[in-house]
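Let me begin by presenting the structure, written as structure tokens, before commenting on it.
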Amino acid sequence: MVKKNACVFISGYGSNLKSLISNSRNQNFPINIKLVITNNKHAKGIIFAKQNSIPILIINTKKNSFENDILREIRKYKISLICLAGYMKIISKKFINNFGKKIINIHPSLLPKFKGLDTFKRVLNNNEKKTGCTVHFVNDKLDGGKTILQKSFFIKKSDNIKTLKYKTQKLEHRAFSEAIINIYRYD
Ligand code: GAR
């Protein structure tokens with residue numbers, strides 16, 4: 001199997017990055033992570049990338065040309081899949097078109113419910129019975145691209161923001177990799 005080169009974008013802790021790195025060590029997993037990009041120089045995920053000798057690009061989103069800087073780097077590494085793993089920055093339509101290949105995102109809700117931020121709080125306030133996560137293709141609408149897969153669980157009366165986050169992220173770590181396997185199933 002010829003693995004695809006992937007780049008993971010992060011802004012924070014990087015637990016999804018960590019699980020992708022770990023799964024990508026399997027020779028049957030369809031991607032190798034060649035580059036990690038972050039807009040946050042303090043992102044904990046940088047440590048995981050360093051421990052695995054994956055190059056890291058820290059971008060300054062105040063710079064007008066930052067998306068061009070990303071594109072240049074991505075071309076250098078012949079990236080054919082971008083995985084947004086807790087990247088808290090909106091990607092422009094121009095970037096999506098210029099990259100022209102697959103971009104996928106993981107979101108901590110059952111889309112189309114609860115797009116955007118503060119999902120766990122909104123899920124609880126809305127008295128939802130179920131919640132979970134969604135892996136979807138990225139288009140120019142916020143959290144609006146085609147769903148690849150979702151995983152869900154029933155919410156208990158005793159759940160709070162912390163427990164919902166913990167349960168959702170546990171599912172995310174499986175969902176992201178399964179979605180990538182699905183994408184390349186017939187390649
Ligand atoms: C994940 O739960 C992901 O779903 C969420 O950020 C977290 C990152 O965690 N993404 C969004 O909310 C995007 N709208 P991680 O840094 O530990 O992977």
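By convention in this document, the chains of the structure tokens carry letters A, B, ... by their order, each chain's residues are numbered from 1, and ligands are numbered from 1 in the order they are shown.
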
Taking only C-alpha atoms and all ligand atoms into account, produce a table as CSV in which each residue of chain A with an atom at most 10 Å from an atom of ligand 1 appears once, together with its shortest atom pair and the distance in Å to one decimal, ordered by chain and rising number.
```
residue,atom,partner,partner_atom_place_in_ligand_line,distance
A:Phe9,CA,ligand 1,16 (O),9.5
A:Ile10,CA,ligand 1,16 (O),6.3
A:Ser11,CA,ligand 1,16 (O),6.5
A:Gly12,CA,ligand 1,16 (O),4.5
A:Tyr13,CA,ligand 1,16 (O),3.9
A:Gly14,CA,ligand 1,16 (O),3.4
A:Ser15,CA,ligand 1,17 (O),3.6
A:Asn16,CA,ligand 1,18 (O),3.7
A:Leu17,CA,ligand 1,18 (O),5.9
A:Lys18,CA,ligand 1,18 (O),7.7
A:Ser19,CA,ligand 1,18 (O),8.7
A:Leu20,CA,ligand 1,18 (O),9.7
A:Ala43,CA,ligand 1,16 (O),8.3
A:Lys44,CA,ligand 1,16 (O),8.1
A:Gly45,CA,ligand 1,16 (O),7.0
A:Leu84,CA,ligand 1,13 (C),8.0
A:Ala85,CA,ligand 1,18 (O),5.2
A:Gly86,CA,ligand 1,6 (O),3.6
A:Tyr87,CA,ligand 1,13 (C),6.3
A:Met88,CA,ligand 1,13 (C),5.9
A:Lys89,CA,ligand 1,13 (C),8.5
A:Ile90,CA,ligand 1,14 (N),9.1
A:Asn105,CA,ligand 1,13 (C),7.4
A:Ile106,CA,ligand 1,4 (O),4.9
A:His107,CA,ligand 1,4 (O),3.9
A:Pro108,CA,ligand 1,4 (O),4.1
A:Ser109,CA,ligand 1,4 (O),7.7
A:Phe114,CA,ligand 1,14 (N),9.6
A:Lys115,CA,ligand 1,14 (N),7.2
A:Gly116,CA,ligand 1,14 (N),5.5
A:Leu117,CA,ligand 1,12 (O),5.9
A:Asp118,CA,ligand 1,12 (O),7.7
A:Thr119,CA,ligand 1,12 (O),7.4
A:Phe120,CA,ligand 1,12 (O),9.6
A:Gly132,CA,ligand 1,4 (O),9.5
A:Cys133,CA,ligand 1,4 (O),6.9
A:Thr134,CA,ligand 1,4 (O),8.0
A:Val135,CA,ligand 1,4 (O),8.7
A:Leu142,CA,ligand 1,14 (N),8.5
A:Asp143,CA,ligand 1,14 (N),7.1
A:Lys165,CA,ligand 1,2 (O),7.0
A:Tyr166,CA,ligand 1,2 (O),8.8
A:Lys167,CA,ligand 1,2 (O),9.9
A:Thr168,CA,ligand 1,2 (O),7.0
A:Gln169,CA,ligand 1,2 (O),5.4
A:Lys170,CA,ligand 1,2 (O),9.1
A:Leu171,CA,ligand 1,2 (O),9.5
A:Glu172,CA,ligand 1,4 (O),6.9
A:His173,CA,ligand 1,18 (O),8.2
A:Phe176,CA,ligand 1,4 (O),9.7
```

Mind running range 75-168 of chain A against range 55-67 of chain A at 12 Å and telling me each contacting residue's nearest atom pair with the distance in Å (one decimal), counting only C-alpha atoms, chain and number ascending, as a Markdown table?
```
| residue | atom | partner | partner_atom | distance |
| --- | --- | --- | --- | --- |
| A:Lys76 | CA | A:Pro55 | CA | 11.9 |
| A:Tyr77 | CA | A:Pro55 | CA | 10.0 |
| A:Met88 | CA | A:Thr61 | CA | 11.4 |
| A:Lys89 | CA | A:Thr61 | CA | 8.9 |
| A:Ile90 | CA | A:Thr61 | CA | 10.7 |
| A:Ile91 | CA | A:Glu67 | CA | 8.5 |
| A:Ser92 | CA | A:Glu67 | CA | 8.4 |
| A:Lys93 | CA | A:Glu67 | CA | 10.9 |
| A:Lys94 | CA | A:Glu67 | CA | 9.1 |
| A:Phe95 | CA | A:Glu67 | CA | 6.6 |
| A:Ile96 | CA | A:Glu67 | CA | 10.1 |
| A:Asn97 | CA | A:Glu67 | CA | 11.8 |
| A:Asn98 | CA | A:Glu67 | CA | 9.9 |
| A:Phe99 | CA | A:Glu67 | CA | 10.2 |
```

### Task
Would you list, as a PyMOL selection string, the residues of range 51-148 of chain A that end up in alpha helix (DSSP H) under DSSP run on this structure's backbone?
chain A and resi 51+66-76+93-99+119-125

### Long-range neighbours of Ile21 in chain A as a PyMOL selection string, 12 Å cut-off, only C-alpha atoms, 2 positions minimum in chain
chain A and resi 6-8+14-19+23-26+29-36+45+48-54+83+85+173+176-177

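On the backbone of this structure, DSSP gives strand (DSSP E) within range 23-65 of chain A to Ile31, Asn32, Ile33, Lys34, Leu35, Val36, Ile37, Thr38, Ile56, Leu57 and Ile58 of chain A.
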